[in-house]
Amino acid sequence: MLPVVPVVPDDVPGTRRVVLFGPPGIGKTTAAGVLGRRLGLPVLRLAPGPQDARVPYAGLLELALAAQPLPAARELAAGLDGAAGDPDGAGASLRLRRLTAALLRDAPPVTLVVDNAQWLDPASAAVLRWALRLAPDLPVIAAERTWRPEAGGHWSGEDAHPVRVPALTDRQVAALLAPHRPTLREVARIRTAGGGNPALVLALAEDLDRAADPSAARGAEDGPALPPAARRLVGEWLGTVSEEVRELLTLAALDDRPDRTLLARLAGPAAGALLAEAEAAGLLDTDRPDGQVRFTASAIGTELTTRLPETARRLLHARLAEASHDGLRRDRHTALASDAVDPRTAARAARAAGSARLRGEHALAAELSLLAAQRTPREDTGLLTERALTAARDAAHYGDLPRGRVAARLVLEHDTGPARRVDTLIALIDASGQHLDDADHLFADALHAAAGRPDLTSRVLIRQAVWANVSEGDPHRACVLAEQAAALALSAGDSATGALALTMQARVQRILGHPGSEATLGHALSLPRTAAVPVNGAPQHLAARHALFDDLPDRARALLLPLLVEAERTPDAEATVDVLRSLAEAELRAGRCARALDHAHRAQALTDRTALSPAPACYTSALAEGAGRSTGTALEHARRGIDAARHEDNKVFLSRNLYALGHLLLATGRPKEALEALAEVRDLERQQQVRDPSVLRWHADLAEALVAVGRLDEADDLLADTHRTATGLGRASVLPALARTRALLDAARGDYDAAARRLTGAADRLRHLPLERGRTLLALSHTERRGRRRAAARAAARSAADLFTAHRAHPWADAAARALHRLEPGPPEDGALPRLTSAEERCARLAAAGASNRDIAADLTVSVKTVEATLTRVYRKLDLHSRVQLARALAPAADRPVGD
């Protein structure tokens, strides 16, 4: 059995006939076992093989043998011996139907499980179809590869319920791969390649072991050949569809963005039926609003393309070039269909790469620019190295390290001049992101090549400064390196590099609480802006970040919108993500939750389409989702960001994602868990020597968690120390949140009057920050309630609810509504369930609305076991026995929103 059990839906409908279906290796056998155990009956199991499909009544014989020593089983076996000489005889068939029905009807309570039902012979299936109608109470679980019921329904019953066995989640894939100790990046790669198919994931894990063996390493240009076990499994999967489908899938695999229009041009009128066959087999996902089709596991496309001889591959690319309705993809296929070296094709690919950059298609630009370099004649050294360097930069902007290394090798093989060498090594460093295993070697090589050239040396020092801050957690060293880079660049007259270096210096100075931060930033802003300065490294972007730190979200937004336009016109995916993230934070501070979610989703989507680290986008998504939509989804983002940052040793975004996690746990009433996360943030910030409390505002939340668990003196010390630091640095933006937590401390010590006064004052100072004001009013409501001033508590809760609702901060609005509900006098509203606790009622309403136990657990941020136990109590209290009855009981209030 696989070490990770596949997901089986928590709520299989009342029908006693279930068909589990899915591709080879998805875990149908295991899922059938799980579902069978849920029914609590002994299992009568059949498992026909491929050889049985052609043998009449082979399935019935297996049934007779499995049901021994029942007398009816012996009679059926004898009947099969009699029918062997005349398998098509009507009399024999009627006798077998009668004997099979008697066996199924008279057997003790069991669950019939038919594994690999796609190989059940037609004669047995026909008999079982008839016999099972006479045993309607017999549970049947069939597991087969595709859902293909006949006109009269499935053989197991006309009401058989189809259940596609879902793919493993990211966390399940990580658990399955845990013995191989993969990085998060490797987990994500195998999750995509395997599509969450357990058997395929384990087969692909052979690559992890081969990667650890230097003799098995492959160059990036050699192609991603699958391990032998994975090839066998994908081959078996592809064997479930026709040759015509495999041919169409091969064409789809050769295109970087296949869609229905392209495939219809290639396959003609038969395309729809062929795609439907591929989707039924679980090979393709075609249900996309943009018309694109995607392989459910990228390993399918890899196997289809690696099977192709080079000549056949080129011919198919030529077909695709003719059929393509997109000019850039036509150029891509033309380049891939051409000879290895072709000046005209190289020039065409280079032009197409430029167009792809302007269109924001970063992956396509990176591929086309590398194709342009590879198709350039070797004797044209200057043009070849220029195109290869462009390819390395495109790969850096997309975060594509393998393609960046191939391009860098082309440059270094043909041009060893210092400028080209430094440019290439910097592009390789930029492409590596946080995944540099040989950072020291690359930096040393770049500094050696730049020796005697201040302009080149300064560019290397800037990257070292970033590395020191993000990966080494040493902002003091980063500040020194940035200062050196600025001095060298400005002395050489390189204002672009000087602006970059000064911006980096100002960024680190702010972190360290250095008083010269704004002056340094002002110097950077005074230098002329050039296209050589990336948008996310420009002083204007840092000025927007500083405005955010100072609680000036509208100023930040005004600075960021032009930068977003500029970023989207460049091929720099990382810059675009950074600006989108900053915009999301600005909109969130201003209370525009819907806009914040939109920017955060765009940043997350762009990150997921590229090889960029997920940690930054996850942090922003966690904040935006937690404020505007769903705390369950927000927690998933935060945890994913933490995992990514730990694997990448990215201390900056480890702190941020841990802060997001702690903030969300605190908001959902889990202070002990929040305390653990926020205490780690404090330790990391101390290690990184972060002094300015406005950069990452964990201090008030940590103090609130300390108050909630009764560690009042620690909270007092933290608040006093943070207040002194913020006051000394002139960071007034931090003070209202500290005042809110100080009020909670006052209330914990019994001084409700002082707490209420402090909260009222803090709320007045937060009128320009609606969500922070609403959070403060909600704290005021809780404080007034504890002080037995219910009218004041209701007024504060009402104001908070109105504020959160107006700004579409749904999780906070739900929290305020719950606080208000507890304070409202009078009988319960129509449809309320006074016998249930608030937690039980929330769970019941979600269940009545059709949510599965797993969905409810995610929404309420509890375990599935907790949901099961809660629903059991609900059924007992309300004397109900099913979700149908529960839905009817809650029907009068079914349209009322349920909080996260």
# chains A, B, ... in the order shown; residues from 1 in each chain; ligands from 1
call {"tool": "residues_around", "arguments": {"residues": "A:Gly153", "least_positions_apart": "2", "cutoff": "12 Å", "atoms": "only C-alpha atoms", "output": "list in words"}}
result
Arg17, Val19, Ala125, Ala126, Arg129, Trp130, Arg133, Trp147, Arg148, Pro149, Glu150, Ala151, Trp155, Ser156, Gly157, Glu158, Asp159, Ala160, His161 and Pro162 of chain A
call {"tool": "write_last_selection", "arguments": {"atoms": "C-alpha atoms", "output": "short mmCIF file (atom, residue, chain, number, x, y, z; two decimals), in the first residue's frame"}}
result
data_model
loop_
_atom_site.label_atom_id
_atom_site.label_comp_id
_atom_site.auth_asym_id
_atom_site.auth_seq_id
_atom_site.Cartn_x
_atom_site.Cartn_y
_atom_site.Cartn_z
CA ARG A 17 -23.09 1.47 -5.83
CA VAL A 19 -17.52 3.49 -9.35
CA ALA A 125 -20.58 -8.07 -16.51
CA ALA A 126 -23.91 -8.91 -18.19
CA ARG A 129 -25.83 -6.44 -14.09
CA TRP A 130 -28.93 -8.67 -13.94
CA ARG A 133 -30.75 -5.71 -9.54
CA TRP A 147 -16.13 6.11 -16.53
CA ARG A 148 -17.87 4.56 -19.54
CA PRO A 149 -21.39 3.45 -18.56
CA GLU A 150 -23.44 1.75 -21.22
CA ALA A 151 -26.79 3.11 -22.37
CA TRP A 155 -23.19 -2.92 -14.82
CA SER A 156 -23.03 -2.41 -11.05
CA GLY A 157 -26.34 -0.56 -11.08
CA GLU A 158 -28.24 2.11 -12.96
CA ASP A 159 -27.79 4.48 -10.00
CA ALA A 160 -24.03 3.85 -9.69
CA HIS A 161 -22.29 7.02 -8.59
CA PRO A 162 -19.03 7.87 -10.41
#
call {"tool": "residues_around", "arguments": {"residues": "A:Pro228", "least_positions_apart": "2", "cutoff": "9 Å", "atoms": "only C-alpha atoms", "output": "number ranges by chain"}}
result
A: 203-204, 206, 226, 230-233
call {"tool": "write_last_selection", "arguments": {"atoms": "N, CA and C atoms", "output": "PDB file, in the first residue's frame"}}
result
ATOM      1  N   ALA A 203       7.734   6.984  -9.107  1.00  0.00           N
ATOM      2  CA  ALA A 203       8.630   6.618 -10.212  1.00  0.00           C
ATOM      3  C   ALA A 203       9.532   7.786 -10.592  1.00  0.00           C
ATOM      4  N   LEU A 204       8.971   8.995 -10.594  1.00  0.00           N
ATOM      5  CA  LEU A 204       9.779  10.176 -10.919  1.00  0.00           C
ATOM      6  C   LEU A 204      10.810  10.474  -9.838  1.00  0.00           C
ATOM      7  N   GLU A 206      12.903   8.618  -8.723  1.00  0.00           N
ATOM      8  CA  GLU A 206      14.193   8.045  -9.088  1.00  0.00           C
ATOM      9  C   GLU A 206      15.152   9.137  -9.546  1.00  0.00           C
ATOM     10  N   LEU A 226      12.501  10.844 -18.796  1.00  0.00           N
ATOM     11  CA  LEU A 226      11.901  10.280 -17.589  1.00  0.00           C
ATOM     12  C   LEU A 226      12.682   9.056 -17.128  1.00  0.00           C
ATOM     13  N   ALA A 230       8.967   5.496 -14.642  1.00  0.00           N
ATOM     14  CA  ALA A 230       7.991   6.506 -15.032  1.00  0.00           C
ATOM     15  C   ALA A 230       7.604   6.342 -16.497  1.00  0.00           C
ATOM     16  N   ARG A 231       8.576   6.009 -17.331  1.00  0.00           N
ATOM     17  CA  ARG A 231       8.268   5.796 -18.757  1.00  0.00           C
ATOM     18  C   ARG A 231       7.298   4.629 -18.924  1.00  0.00           C
ATOM     19  N   ARG A 232       7.518   3.566 -18.157  1.00  0.00           N
ATOM     20  CA  ARG A 232       6.615   2.407 -18.262  1.00  0.00           C
ATOM     21  C   ARG A 232       5.193   2.778 -17.844  1.00  0.00           C
ATOM     22  N   LEU A 233       5.076   3.525 -16.736  1.00  0.00           N
ATOM     23  CA  LEU A 233       3.750   3.879 -16.236  1.00  0.00           C
ATOM     24  C   LEU A 233       3.031   4.825 -17.199  1.00  0.00           C
TER      25      LEU A 233
END
call {"tool": "residues_around", "arguments": {"residues": "A:Gly522", "least_positions_apart": "2", "cutoff": "10 Å", "atoms": "only C-alpha atoms", "output": "JSON, numbers by chain"}}
result
{"A": [502, 503, 506, 516, 517, 518, 519, 520, 524, 525, 526, 527, 539, 540, 543]}
call {"tool": "select_by_dssp", "arguments": {"residues": "stretch 505-703 of chain A", "states": "alpha helix (DSSP H)", "output": "PyMOL selection string"}}
result
chain A and resi 505-512+517-526+539-549+553-568+573-589+593-609+615-628+631-648+651-667+671-687+699-703
call {"tool": "write_last_selection", "arguments": {"atoms": "C-alpha atoms", "output": "compact mmCIF listing (two decimals), in the first residue's frame"}}
result
# COMPACT_ATOMS: atom_id res chain seq x y z
CA GLN A 505 21.92 50.96 0.66
CA ALA A 506 18.82 52.99 1.63
CA ARG A 507 16.74 49.80 1.89
CA VAL A 508 19.17 48.21 4.33
CA GLN A 509 19.65 51.44 6.26
CA ARG A 510 15.90 51.58 6.90
CA ILE A 511 15.97 48.01 8.19
CA LEU A 512 18.83 48.88 10.54
CA SER A 517 18.13 56.20 5.04
CA GLU A 518 15.93 58.96 3.59
CA ALA A 519 18.94 61.05 2.55
CA THR A 520 20.45 58.08 0.73
CA LEU A 521 17.14 57.41 -1.00
CA GLY A 522 16.87 61.09 -1.92
CA HIS A 523 20.33 60.90 -3.55
CA ALA A 524 19.21 57.87 -5.57
CA LEU A 525 16.02 59.64 -6.66
CA SER A 526 18.04 62.64 -7.85
CA PRO A 539 14.49 54.21 -6.02
CA GLN A 540 10.88 55.03 -6.92
CA HIS A 541 9.83 51.53 -5.86
CA LEU A 542 11.67 51.85 -2.57
CA ALA A 543 10.05 55.25 -2.03
CA ALA A 544 6.68 53.53 -2.40
CA ARG A 545 7.72 50.88 0.11
CA HIS A 546 8.76 53.57 2.58
CA ALA A 547 5.38 55.26 2.10
CA LEU A 548 3.75 51.96 3.01
CA PHE A 549 5.91 51.67 6.13
CA PRO A 553 -0.98 53.93 1.16
CA ASP A 554 -2.39 56.42 -1.34
CA ARG A 555 1.04 57.96 -1.88
CA ALA A 556 2.49 54.47 -2.30
CA ARG A 557 -0.21 53.60 -4.83
CA ALA A 558 0.45 56.77 -6.86
CA LEU A 559 4.14 55.84 -7.09
CA LEU A 560 3.49 52.20 -7.92
CA LEU A 561 0.93 52.42 -10.73
CA PRO A 562 3.35 53.94 -13.29
CA LEU A 563 5.96 51.37 -12.23
CA LEU A 564 3.49 48.56 -12.91
CA VAL A 565 2.93 49.81 -16.44
CA GLU A 566 6.68 49.94 -16.95
CA ALA A 567 7.27 46.51 -15.40
CA GLU A 568 4.65 44.85 -17.59
CA ALA A 573 8.72 38.69 -14.25
CA GLU A 574 10.28 39.22 -10.83
CA ALA A 575 9.95 43.02 -11.11
CA THR A 576 6.32 42.70 -12.15
CA VAL A 577 5.59 40.40 -9.21
CA ASP A 578 7.31 42.78 -6.78
CA VAL A 579 5.31 45.80 -7.97
CA LEU A 580 2.05 43.84 -7.90
CA ARG A 581 2.81 42.71 -4.36
CA SER A 582 3.52 46.26 -3.24
CA LEU A 583 0.29 47.44 -4.84
CA ALA A 584 -1.63 44.70 -3.05
CA GLU A 585 -0.21 45.82 0.29
CA ALA A 586 -1.02 49.46 -0.47
CA GLU A 587 -4.62 48.65 -1.39
CA LEU A 588 -4.95 46.49 1.70
CA ARG A 589 -3.73 49.26 4.00
CA CYS A 593 -9.73 44.50 -0.26
CA ALA A 594 -11.05 43.54 -3.70
CA ARG A 595 -8.25 45.43 -5.46
CA ALA A 596 -5.68 43.95 -3.08
CA LEU A 597 -6.91 40.45 -3.86
CA ASP A 598 -6.74 41.13 -7.59
CA HIS A 599 -3.11 42.31 -7.41
CA ALA A 600 -2.16 39.44 -5.09
CA HIS A 601 -3.77 36.86 -7.40
CA ARG A 602 -1.95 38.27 -10.41
CA ALA A 603 1.36 38.17 -8.56
CA GLN A 604 0.69 34.59 -7.43
CA ALA A 605 -0.34 33.47 -10.92
CA LEU A 606 2.75 35.00 -12.52
CA THR A 607 4.96 33.42 -9.86
CA ASP A 608 3.39 30.01 -10.41
CA ARG A 609 3.90 30.28 -14.18
CA ALA A 615 7.74 32.75 -0.87
CA PRO A 616 7.20 36.47 -1.68
CA ALA A 617 3.89 36.00 -3.52
CA CYS A 618 2.65 33.59 -0.83
CA TYR A 619 3.25 36.22 1.85
CA THR A 620 1.18 38.81 0.00
CA SER A 621 -1.53 36.28 -0.89
CA ALA A 622 -1.78 35.26 2.77
CA LEU A 623 -2.33 38.87 3.87
CA ALA A 624 -4.84 39.67 1.11
CA GLU A 625 -6.82 36.43 1.45
CA GLY A 626 -6.86 36.67 5.24
CA ALA A 627 -8.29 40.18 5.15
CA GLY A 628 -10.56 39.91 2.11
CA THR A 631 -8.60 32.56 6.38
CA GLY A 632 -8.35 28.88 5.39
CA THR A 633 -6.84 29.74 2.00
CA ALA A 634 -4.70 32.42 3.60
CA LEU A 635 -3.20 29.92 6.03
CA GLU A 636 -2.37 27.59 3.14
CA HIS A 637 -0.50 30.40 1.38
CA ALA A 638 1.43 31.30 4.54
CA ARG A 639 2.46 27.71 5.20
CA ARG A 640 3.53 27.22 1.59
CA GLY A 641 5.59 30.41 1.81
CA ILE A 642 7.23 29.22 5.04
CA ASP A 643 8.15 25.88 3.46
CA ALA A 644 9.60 27.60 0.40
CA ALA A 645 11.61 30.11 2.41
CA ARG A 646 13.04 27.42 4.68
CA HIS A 647 14.14 25.31 1.72
CA GLU A 648 15.67 28.32 -0.02
CA LYS A 651 15.48 34.60 5.91
CA VAL A 652 13.65 37.76 4.85
CA PHE A 653 10.56 35.98 3.53
CA LEU A 654 10.70 33.30 6.18
CA SER A 655 10.12 36.11 8.69
CA ARG A 656 7.32 37.58 6.61
CA ASN A 657 5.43 34.34 6.04
CA LEU A 658 5.79 33.37 9.69
CA TYR A 659 4.39 36.80 10.59
CA ALA A 660 1.44 36.24 8.22
CA LEU A 661 0.82 32.83 9.79
CA GLY A 662 0.95 34.23 13.33
CA HIS A 663 -1.31 37.15 12.42
CA LEU A 664 -3.91 34.80 10.88
CA LEU A 665 -3.81 32.35 13.77
CA LEU A 666 -4.29 35.22 16.20
CA ALA A 667 -7.22 36.55 14.17
CA PRO A 671 -3.14 32.47 20.30
CA LYS A 672 -0.91 29.57 21.43
CA GLU A 673 -0.13 28.58 17.85
CA ALA A 674 0.24 32.25 16.89
CA LEU A 675 2.71 32.76 19.72
CA GLU A 676 4.95 30.00 18.40
CA ALA A 677 5.10 31.52 14.91
CA LEU A 678 5.51 35.11 16.08
CA ALA A 679 8.22 34.20 18.60
CA GLU A 680 10.22 32.71 15.71
CA VAL A 681 9.71 35.96 13.80
CA ARG A 682 11.18 37.86 16.75
CA ASP A 683 14.20 35.55 16.84
CA LEU A 684 14.77 35.87 13.09
CA GLU A 685 14.46 39.65 13.17
CA ARG A 686 17.02 39.80 15.96
CA GLN A 687 19.39 37.56 14.00
CA HIS A 699 5.51 43.43 17.65
CA ALA A 700 1.88 44.27 18.49
CA ASP A 701 0.63 40.87 17.39
CA LEU A 702 3.25 39.04 19.45
CA ALA A 703 2.35 41.16 22.48
call {"tool": "residues_around", "arguments": {"residues": "A:Arg790", "least_positions_apart": "4", "cutoff": "12 Å", "atoms": "only C-alpha atoms", "output": "list in words"}}
result
Leu780, Ser781, His782, Thr783, Glu784, Arg785, Arg786, Arg794, Ala795, Ala796, Ala797, Arg798, Ala819, Leu820, His821, Arg822, Leu823, Glu824 and Pro825 of chain A
call {"tool": "write_last_selection", "arguments": {"atoms": "N, CA and C atoms", "output": "compact mmCIF listing (two decimals), in the first residue's frame"}}
result
# COMPACT_ATOMS: atom_id res chain seq x y z
N LEU A 780 -12.31 47.05 21.01
CA LEU A 780 -13.07 47.89 21.95
C LEU A 780 -14.38 47.21 22.36
N SER A 781 -15.05 46.57 21.39
CA SER A 781 -16.29 45.87 21.71
C SER A 781 -16.04 44.75 22.72
N HIS A 782 -15.00 43.96 22.50
CA HIS A 782 -14.68 42.88 23.44
C HIS A 782 -14.37 43.44 24.83
N THR A 783 -13.65 44.57 24.86
CA THR A 783 -13.28 45.17 26.14
C THR A 783 -14.51 45.70 26.87
N GLU A 784 -15.38 46.39 26.15
CA GLU A 784 -16.60 46.91 26.77
C GLU A 784 -17.49 45.76 27.26
N ARG A 785 -17.52 44.68 26.52
CA ARG A 785 -18.32 43.52 26.94
C ARG A 785 -17.77 42.93 28.23
N ARG A 786 -16.45 42.83 28.31
CA ARG A 786 -15.85 42.31 29.55
C ARG A 786 -16.11 43.26 30.72
N ARG A 794 -22.04 46.80 21.93
CA ARG A 794 -22.81 46.64 20.69
C ARG A 794 -22.52 47.74 19.70
N ALA A 795 -22.40 48.96 20.18
CA ALA A 795 -22.13 50.09 19.28
C ALA A 795 -20.78 49.91 18.58
N ALA A 796 -19.77 49.51 19.34
CA ALA A 796 -18.44 49.32 18.76
C ALA A 796 -18.45 48.16 17.76
N ALA A 797 -19.11 47.05 18.12
CA ALA A 797 -19.18 45.90 17.20
C ALA A 797 -19.93 46.26 15.94
N ARG A 798 -21.04 47.05 16.09
CA ARG A 798 -21.80 47.48 14.92
C ARG A 798 -20.94 48.34 14.01
N ALA A 819 -19.51 38.70 16.98
CA ALA A 819 -19.45 39.46 18.23
C ALA A 819 -20.77 40.19 18.47
N LEU A 820 -21.33 40.74 17.40
CA LEU A 820 -22.59 41.46 17.54
C LEU A 820 -23.73 40.51 17.90
N HIS A 821 -23.72 39.32 17.31
CA HIS A 821 -24.77 38.33 17.57
C HIS A 821 -24.79 37.94 19.04
N ARG A 822 -23.59 37.80 19.63
CA ARG A 822 -23.52 37.44 21.05
C ARG A 822 -24.08 38.55 21.95
N LEU A 823 -24.07 39.78 21.43
CA LEU A 823 -24.50 40.91 22.25
C LEU A 823 -25.96 41.29 22.02
N GLU A 824 -26.57 40.74 20.94
CA GLU A 824 -27.94 41.13 20.63
C GLU A 824 -28.90 40.49 21.62
N PRO A 825 -29.86 41.25 22.17
CA PRO A 825 -30.86 40.67 23.06
C PRO A 825 -31.96 39.98 22.27
call {"tool": "atom_distance", "arguments": {"atom1": "atom CA of A:Arg758", "atom2": "atom CA of A:Ala792"}}
result
14.7 Å
call {"tool": "atom_distance", "arguments": {"atom1": "atom CA of A:Ala446", "atom2": "atom CA of A:Val533"}}
result
19.7 Å
call {"tool": "atom_distance", "arguments": {"atom1": "atom CA of A:Arg348", "atom2": "atom CA of A:Val535"}}
result
28.4 Å
call {"tool": "residues_around", "arguments": {"residues": "A:Ser242", "least_positions_apart": "6", "cutoff": "12 Å", "atoms": "only C-alpha atoms", "output": "VMD selection string"}}
result
chain A and resid 248 to 249 273 to 278 281
call {"tool": "closest_residue", "arguments": {"among": "A:Leu304, A:Val173, A:Leu70, A:Ala720", "to": "A:Leu238", "atoms": "only C-alpha atoms"}}
result
A:Leu304
call {"tool": "residues_around", "arguments": {"residues": "A:Leu719", "least_positions_apart": "4", "cutoff": "7 Å", "atoms": "only C-alpha atoms", "output": "ChimeraX atom specification"}}
result
/A:703,715,723,738
call {"tool": "residues_around", "arguments": {"residues": "stretch 93-110 of chain A", "least_positions_apart": "2", "cutoff": "6 Å", "atoms": "only C-alpha atoms", "output": "VMD selection string"}}
result
chain A and resid 41 to 43 72 76 90 to 91 127 131 135
call {"tool": "closest_residue", "arguments": {"among": "A:Arg711, A:Arg329, A:Arg854, A:His768", "to": "A:Glu868", "atoms": "only C-alpha atoms"}}
result
A:Arg854
call {"tool": "select_by_dssp", "arguments": {"residues": "stretch 92-263 of chain A", "states": "strand (DSSP E)", "output": "ChimeraX atom specification"}}
result
/A:111-114,140-144,161-164
call {"tool": "write_last_selection", "arguments": {"atoms": "C-alpha atoms", "output": "tab-separated table (two decimals), in the first residue's frame"}}
result
chain	number	residue	atom	x	y	z
A	111	THR	CA	-19.14	-5.32	0.22
A	112	LEU	CA	-18.37	-6.48	-3.31
A	113	VAL	CA	-15.21	-4.77	-4.55
A	114	VAL	CA	-14.23	-5.24	-8.20
A	140	VAL	CA	-20.64	-2.56	-4.69
A	141	ILE	CA	-17.41	-0.63	-5.27
A	142	ALA	CA	-15.96	-0.87	-8.77
A	143	ALA	CA	-12.54	0.56	-9.60
A	144	GLU	CA	-11.74	1.13	-13.26
A	161	HIS	CA	-22.29	7.02	-8.59
A	162	PRO	CA	-19.03	7.87	-10.41
A	163	VAL	CA	-16.18	9.21	-8.27
A	164	ARG	CA	-12.95	10.29	-9.92
